[in-house]
Structure formats: C-alpha cells, structure tokens
file run.tsv (TSV, C-alpha atoms)
chain	number	residue	atom	x	y	z
A	1	MET	CA	79.08	73.83	31.23
A	2	SER	CA	81.64	71.74	29.42
A	3	ASN	CA	84.64	70.52	31.34
A	4	GLU	CA	87.45	69.74	28.98
A	5	LEU	CA	88.73	66.17	29.16
A	6	ARG	CA	92.24	65.89	30.52
A	7	ILE	CA	94.33	62.74	30.76
A	8	ALA	CA	97.65	62.49	32.60
A	9	VAL	CA	99.79	59.38	32.77
A	10	SER	CA	102.32	58.15	35.33
A	11	GLU	CA	104.20	54.92	35.84
A	12	GLU	CA	104.30	52.96	39.07
A	13	LYS	CA	107.34	50.72	39.01
A	14	GLY	CA	107.23	47.73	41.29
A	15	SER	CA	107.20	43.97	41.09
A	16	THR	CA	104.22	44.45	38.79
A	17	PRO	CA	104.52	47.72	36.84
A	18	VAL	CA	101.27	49.68	36.61
A	19	THR	CA	100.45	52.64	34.40
A	20	ILE	CA	98.10	55.09	36.06
A	21	MET	CA	95.89	57.21	33.83
A	22	TYR	CA	94.27	60.18	35.60
A	23	VAL	CA	91.13	61.25	33.79
A	24	SER	CA	89.31	64.50	34.57
A	25	GLY	CA	86.53	66.53	32.97
A	26	ASP	CA	83.67	65.32	30.77
A	27	LEU	CA	83.92	61.88	29.19
A	28	ASP	CA	81.12	61.92	26.63
A	29	SER	CA	80.42	61.00	23.01
A	30	LYS	CA	82.63	63.84	21.86
A	31	THR	CA	85.65	63.18	24.05
A	32	TYR	CA	85.81	59.40	24.47
A	33	PRO	CA	88.01	58.94	21.35
A	34	ASP	CA	90.69	60.95	23.21
A	35	LEU	CA	90.72	58.37	26.00
A	36	GLU	CA	90.81	55.51	23.50
A	37	ALA	CA	93.68	57.15	21.61
A	38	LYS	CA	95.69	57.82	24.76
A	39	ALA	CA	95.12	54.27	25.96
A	40	SER	CA	96.23	52.90	22.59
A	41	ASP	CA	99.45	54.93	22.83
A	42	VAL	CA	100.12	53.69	26.35
A	43	ILE	CA	99.43	50.06	25.41
A	44	ALA	CA	101.55	50.36	22.26
A	45	GLY	CA	104.32	51.67	24.53
A	46	GLY	CA	104.27	48.38	26.44
A	47	ALA	CA	101.81	48.97	29.28
A	48	LYS	CA	100.05	45.79	30.35
A	49	ASN	CA	98.39	46.89	33.55
A	50	ILE	CA	96.43	50.12	33.63
A	51	LEU	CA	94.75	51.79	36.58
A	52	LEU	CA	92.20	54.37	35.53
A	53	ASP	CA	91.79	57.09	38.16
A	54	LEU	CA	88.24	58.43	37.68
A	55	HIS	CA	87.58	60.56	40.75
A	56	GLU	CA	87.63	63.83	38.81
A	57	VAL	CA	85.35	62.82	35.95
A	58	HIS	CA	82.49	65.34	36.11
A	59	PHE	CA	80.27	63.69	33.53
A	60	MET	CA	80.36	60.28	31.90
A	61	GLY	CA	77.94	58.83	29.36
A	62	SER	CA	77.82	55.37	27.85
A	63	ALA	CA	80.57	56.43	25.44
A	64	GLY	CA	82.99	56.55	28.37
A	65	LEU	CA	82.02	53.02	29.29
A	66	ARG	CA	82.55	51.99	25.67
A	67	ALA	CA	86.11	53.36	25.87
A	68	MET	CA	86.81	51.53	29.13
A	69	HIS	CA	85.38	48.31	27.76
A	70	ALA	CA	87.58	48.63	24.66
A	71	MET	CA	90.64	49.19	26.87
A	72	SER	CA	89.78	46.16	28.95
A	73	VAL	CA	89.43	43.93	25.88
A	74	LYS	CA	92.71	45.21	24.42
A	75	LEU	CA	94.63	44.65	27.66
A	76	LYS	CA	93.16	41.20	28.14
A	77	ASP	CA	94.48	40.28	24.68
A	78	THR	CA	98.00	41.16	25.85
A	79	GLY	CA	97.67	39.33	29.17
A	80	GLY	CA	97.16	42.56	31.11
A	81	GLN	CA	94.31	44.09	33.09
A	82	LEU	CA	92.35	47.29	33.47
A	83	LYS	CA	91.30	48.34	36.95
A	84	LEU	CA	89.37	51.38	38.11
A	85	LEU	CA	90.21	53.73	40.96
A	86	ASN	CA	87.68	55.75	42.94
A	87	PRO	CA	85.01	56.44	40.30
A	88	SER	CA	83.14	59.74	40.74
A	89	ASP	CA	79.38	59.60	41.33
A	90	GLN	CA	78.81	60.25	37.62
A	91	VAL	CA	80.99	57.31	36.62
A	92	ALA	CA	79.60	55.04	39.32
A	93	ARG	CA	76.04	55.77	38.12
A	94	VAL	CA	76.76	54.51	34.60
A	95	LEU	CA	78.66	51.44	35.84
A	96	LYS	CA	75.95	50.49	38.31
A	97	THR	CA	72.98	51.19	36.03
A	98	LEU	CA	74.38	48.88	33.37
A	99	GLY	CA	75.72	46.30	35.81
A	100	PHE	CA	79.38	46.88	34.98
A	101	ASP	CA	80.23	47.54	38.62
A	102	LYS	CA	80.13	43.76	39.04
A	103	PHE	CA	82.61	43.11	36.27
A	104	PHE	CA	85.25	45.81	36.59
A	105	ASP	CA	87.77	45.53	39.37
A	106	ILE	CA	87.11	48.76	41.28
A	107	HIS	CA	89.19	50.10	44.19
A	108	ALA	CA	88.63	52.97	46.59
A	109	THR	CA	92.30	53.71	47.29
A	110	ARG	CA	95.42	53.89	45.19
A	111	ASP	CA	97.42	51.62	47.49
A	112	ALA	CA	94.79	48.89	47.47
A	113	ALA	CA	94.50	49.15	43.71
A	114	LEU	CA	98.25	48.89	43.12
A	115	LYS	CA	98.60	45.93	45.48
A	116	SER	CA	95.83	44.10	43.64
A	117	PHE	CA	97.72	43.80	40.34
B	1	MET	CA	63.45	81.01	22.11
B	2	SER	CA	61.62	80.53	25.37
B	3	ASP	CA	63.17	79.31	28.61
B	4	ASP	CA	61.61	75.87	28.35
B	5	ARG	CA	63.41	74.82	25.18
B	6	ILE	CA	66.81	74.87	23.55
B	7	ARG	CA	67.59	74.42	19.88
B	8	VAL	CA	71.12	73.37	18.97
B	9	ARG	CA	73.05	72.38	15.89
B	10	ALA	CA	73.17	68.59	15.69
B	11	SER	CA	76.79	68.29	16.77
B	12	LEU	CA	78.63	66.57	19.58
B	13	ASP	CA	79.87	70.06	20.48
B	14	ALA	CA	76.32	70.84	21.63
B	15	LEU	CA	76.10	68.05	24.20
B	16	ALA	CA	77.44	70.15	27.06
B	17	LEU	CA	74.89	72.89	26.29
B	18	VAL	CA	72.03	70.39	26.33
B	19	ARG	CA	73.26	68.86	29.59
B	20	ALA	CA	73.46	72.27	31.25
B	21	PHE	CA	69.94	73.11	30.04
B	22	VAL	CA	68.41	69.88	31.36
B	23	GLU	CA	70.23	70.16	34.68
B	24	ARG	CA	68.92	73.72	35.11
B	25	GLN	CA	65.36	72.66	34.30
B	26	ALA	CA	65.43	69.59	36.55
B	27	THR	CA	66.84	71.58	39.45
B	28	ALA	CA	64.19	74.29	38.96
B	29	ALA	CA	61.54	71.55	38.95
B	30	GLY	CA	62.69	70.38	42.38
B	31	PHE	CA	64.60	67.24	41.41
B	32	SER	CA	67.22	65.89	43.79
B	33	LYS	CA	70.85	66.06	42.68
B	34	ASP	CA	70.78	62.36	41.78
B	35	GLY	CA	67.44	62.61	40.01
B	36	ALA	CA	68.62	65.56	37.95
B	37	ALA	CA	71.87	63.77	37.09
B	38	GLU	CA	69.94	60.70	35.90
B	39	LEU	CA	67.71	62.80	33.67
B	40	VAL	CA	70.72	64.70	32.29
B	41	LEU	CA	72.42	61.40	31.48
B	42	ALA	CA	69.32	59.97	29.76
B	43	VAL	CA	68.89	63.07	27.57
B	44	ASP	CA	72.61	63.10	26.75
B	45	GLU	CA	72.28	59.53	25.49
B	46	ALA	CA	69.24	60.42	23.38
B	47	VAL	CA	70.97	63.42	21.77
B	48	SER	CA	74.30	61.60	21.33
B	49	ASN	CA	72.52	58.74	19.58
B	50	CYS	CA	70.77	61.14	17.24
B	51	VAL	CA	74.00	62.96	16.30
B	52	GLU	CA	76.14	59.85	15.97
B	53	HIS	CA	73.76	57.47	14.27
B	54	GLY	CA	70.78	59.41	12.98
B	55	LEU	CA	72.38	62.38	11.30
B	56	ARG	CA	75.78	60.79	10.66
B	57	GLY	CA	77.56	64.11	10.31
B	58	ASN	CA	74.88	65.77	8.22
B	59	ASP	CA	73.66	69.22	9.16
B	60	GLY	CA	70.56	69.35	11.24
B	61	GLU	CA	69.07	70.76	14.38
B	62	ILE	CA	67.88	69.23	17.58
B	63	GLU	CA	65.30	70.80	19.85
B	64	VAL	CA	65.05	69.81	23.48
B	65	SER	CA	62.06	71.08	25.43
B	66	VAL	CA	60.67	70.43	28.88
B	67	VAL	CA	57.10	70.16	30.08
B	68	PRO	CA	56.77	70.25	33.88
B	69	GLN	CA	54.11	67.95	35.27
B	70	ARG	CA	52.78	67.64	38.80
B	71	ASP	CA	55.30	65.07	40.03
B	72	ALA	CA	57.49	64.65	36.98
B	73	LEU	CA	59.35	66.34	34.20
B	74	GLN	CA	58.81	65.45	30.57
B	75	VAL	CA	61.67	66.09	28.18
B	76	ILE	CA	60.95	66.09	24.44
B	77	VAL	CA	63.76	65.67	21.91
B	78	ARG	CA	62.90	66.47	18.28
B	79	ASP	CA	65.30	66.00	15.41
B	80	ASP	CA	65.53	65.74	11.63
B	81	ALA	CA	67.58	62.55	11.67
B	82	ALA	CA	66.67	59.33	9.87
B	83	LEU	CA	63.56	57.92	11.51
B	84	PHE	CA	64.48	55.65	14.39
B	85	ASP	CA	62.33	54.35	17.22
B	86	PRO	CA	64.51	53.56	20.26
B	87	THR	CA	61.54	52.08	22.11
B	88	ARG	CA	61.69	49.18	19.66
B	89	ALA	CA	65.43	48.60	19.98
B	90	THR	CA	66.14	45.27	21.61
B	91	ALA	CA	68.23	44.95	24.75
B	92	THR	CA	71.47	43.27	23.82
B	93	HIS	CA	73.32	43.32	27.11
B	94	GLN	CA	71.84	40.57	29.16
B	95	ASP	CA	75.11	38.62	29.11
B	96	LEU	CA	76.44	37.44	32.41
B	97	SER	CA	79.81	39.03	31.75
B	98	PRO	CA	79.69	42.06	29.48
B	99	LEU	CA	83.46	42.46	29.66
B	100	ASP	CA	83.83	39.19	27.80
B	101	ARG	CA	81.98	40.54	24.82
B	102	ALA	CA	84.47	41.17	22.06
B	103	LYS	CA	82.81	44.29	20.68
B	104	PRO	CA	82.14	47.12	23.13
B	105	GLY	CA	79.30	49.56	22.60
B	106	GLY	CA	75.56	49.92	22.21
B	107	TYR	CA	74.88	50.83	25.81
B	108	GLY	CA	73.27	54.23	25.26
B	109	ILE	CA	69.68	53.19	24.57
B	110	GLU	CA	69.69	50.69	27.42
B	111	LEU	CA	71.03	53.33	29.79
B	112	MET	CA	68.36	55.80	28.68
B	113	HIS	CA	65.58	53.28	29.30
B	114	ARG	CA	66.87	52.43	32.76
B	115	LEU	CA	67.23	56.03	33.96
B	116	VAL	CA	63.76	57.38	33.24
B	117	ASP	CA	60.27	56.10	34.00
B	118	ARG	CA	58.86	56.18	30.51
B	119	VAL	CA	60.24	56.49	26.99
B	120	GLY	CA	57.86	57.35	24.16
B	121	TYR	CA	58.40	57.84	20.47
B	122	CYS	CA	56.41	59.17	17.55
B	123	VAL	CA	56.94	60.77	14.17
B	124	THR	CA	55.65	64.34	14.03
B	125	GLY	CA	53.38	65.63	11.30
B	126	ASP	CA	56.38	67.16	9.54
B	127	GLY	CA	58.36	63.93	9.65
B	128	GLN	CA	60.63	64.52	12.63
B	129	ASN	CA	61.61	62.03	15.30
B	130	GLU	CA	60.00	62.95	18.59
B	131	LEU	CA	61.36	61.17	21.64
B	132	THR	CA	59.71	61.76	24.99
B	133	LEU	CA	61.42	60.96	28.30
B	134	LEU	CA	59.37	61.14	31.46
B	135	LYS	CA	61.04	61.09	34.86
B	136	ALA	CA	59.18	61.22	38.13
B	137	ARG	CA	60.42	63.50	40.90
B	138	ARG	CA	61.20	61.42	43.96
call {"tool": "encode", "arguments": {"input": "run.tsv", "output": "structure tokens"}}
result
Amino acid sequence: MSNELRIAVSEEKGSTPVTIMYVSGDLDSKTYPDLEAKASDVIAGGAKNILLDLHEVHFMGSAGLRAMHAMSVKLKDTGGQLKLLNPSDQVARVLKTLGFDKFFDIHATRDAALKSF
Amino acid sequence: MSDDRIRVRASLDALALVRAFVERQATAAGFSKDGAAELVLAVDEAVSNCVEHGLRGNDGEIEVSVVPQRDALQVIVRDDAALFDPTRATATHQDLSPLDRAKPGGYGIELMHRLVDRVGYCVTGDGQNELTLLKARR
C-alpha cells in the first residue's frame, strides 16, 4: 500500500559544498509537489549542487521524473548541478525506459558522487 | 464488487490503492516481479493522467478491471473524464538531450506505451473513456 514520501536534507561541506536530499517512499503524481517544494526551499537557501539519494524510493512514476527534471533545470540556471545516487529499481526503470539514464549523472556510491561535483 | 475489478474515486489519493490492486492481480497471473512492476507503472500513469488532466479536480469515478488471457493480462481503465485518446497522442520526447528542454513534463503517456505490449482506446456506449492495456507474461 501507500508509502508516505519522506525527504531529509543534509549538507556536505567540502571544497565543493553539496546538499544531499534523501528521498524515501512513493514518489507519484500525488507526492511529487512535495519534492519540488523541498527542492525550491533548498535552492532558495543557496544550494547549488544537489545529490538526490533515491535508494529507498519504493515507487516512482513519471511525475517523479518531472520533479527531478525541474530541479535539474533550476540548478543549471544557477550554475549548479543535480546528480542522482543509487536509484532503486523502481526509479531506474523510469529513467531507463524514457532514456533519462543517459542524461542524468548517476552514481552508485556516496563517495563517488560527492567527488564528482 | 468482484475480485477482478476496483472502483475508486477519481483522486490522486486512490493511486496507491490502484497500484496495490494491479500488483496483486499481476502476481496472481504469474508475472515476474519486473513484469508486474511495469504493468503497475503503466496503469498508474493511465489513472494519474485521467485524474490530473481529464477530470481536473471534478468528482468522478475510475474503474480498473483485469481480464486474464492465456499468456497476458489485459487491464481496462474506464472513467468519466473528458474524452481523450492517448493512442493518438504524439511522442514529444525524441530530443537528444531531454534535460535541455526548458519545460519538464509530459512523460506519462510515453512511459505507458513503452511498458505494455498494446494500448487500445474506445468510447463506451455510455460515453466513457475505455483504455485497454495488454501486457504479455514473459
């Protein structure tokens, strides 16, 4: 049944600061505005580089991709980047089916992802 | 209400119920985990599209039913939304780099088409949309 969407945020301070957003639960047409709103808050707070940790997303529809795409466009406008960490099978299915796995920068481990910014 | 159908209020709150129903039916029909997940995703897109664009917040109901076939499962989605034939919607995402497109969105119908083997559409005798998704069991 429904898995409530949860989003937690942490900051990784280094030579290139990265904001990590941990997303868990169902990312569907009902819940994707929550991700967009949280991302807007984080970007308004000055975040330029965001790493989206997706390993605990139990369901994702195209609405989740829409939210990620919107985040990517917004960050690009500010000179930043969105990268993805360890997408669950459900997330990977949507990315691959629509060909977005070729366009998002996707990493399997947190360390590799952080080093890549 | 029989076991092979579910009728829900046309609301995004009902998506999880529909997903659970389709997953149960696909599993019972012998689909693999991946096959069931693909069918669940396709039906979620069909129902989401109906609630978000067809009914636009108006009251209505959506019925999702399944018809097992020898090597496939047919899922039928009926709704009272404005008439819309997704089989005639044009693919808009052939760009080389979708991330460069300024306006995100519009992926649902394309995703639905890619995840099942056949998508059919007709208007029922009482004026409802009837969308049929057929997915083979592999």
call {"tool": "closest_residue", "arguments": {"input": "run.tsv", "among": "A:Arg6, A:His58, A:His69, A:Lys48", "to": "chain B", "atoms": "only C-alpha atoms"}}
result
A:His69
call {"tool": "atom_distance", "arguments": {"input": "run.tsv", "atom1": "atom CA of Ser65 of chain B", "atom2": "atom CA of Ala10 of chain B"}}
result
15.0 Å
call {"tool": "interface_residues", "arguments": {"input": "run.tsv", "of": "chain A", "to": "chain B", "cutoff": "12 Å", "atoms": "all atoms listed in the file", "output": "ChimeraX atom specification"}}
result
/A:1-4,25-32,58-77,81-82,89-105
call {"tool": "atom_distance", "arguments": {"input": "run.tsv", "atom1": "atom CA of Arg70 of chain B", "atom2": "atom CA of Tyr121 of chain B"}}
result
21.5 Å
call {"tool": "closest_residue", "arguments": {"input": "run.tsv", "among": "B:Gly30, B:Pro86, B:Gly54, B:Gly35", "to": "Gln69 of chain B", "atoms": "all atoms listed in the file"}}
result
B:Gly30
call {"tool": "atom_distance", "arguments": {"input": "run.tsv", "atom1": "atom CA of Val43 of chain B", "atom2": "atom CA of Lys38 of chain A"}}
result
27.5 Å
call {"tool": "residues_near_point", "arguments": {"input": "run.tsv", "point": "(96.2, 41.3, 39.3)", "cutoff": "10 Å", "atoms": "only C-alpha atoms", "output": "PyMOL selection string"}}
result
chain A and resi 16+49+80-83+105+113-117
call {"tool": "closest_residue", "arguments": {"input": "run.tsv", "among": "A:Asp41, A:Gly46, A:Tyr22, A:Lys13", "to": "Asn86 of chain A", "atoms": "all atoms listed in the file"}}
result
A:Tyr22
call {"tool": "closest_residue", "arguments": {"input": "run.tsv", "among": "A:Ile106, A:Ala112, A:Ile7, A:Leu84", "to": "Ala37 of chain A", "atoms": "all atoms listed in the file"}}
result
A:Ile7
call {"tool": "residues_around", "arguments": {"input": "run.tsv", "residues": "Gly120 of chain B", "least_positions_apart": "4", "cutoff": "8 Å", "atoms": "all atoms listed in the file", "output": "list of chain:residue names"}}
result
B:Thr87, B:Leu131, B:Thr132, B:Leu133
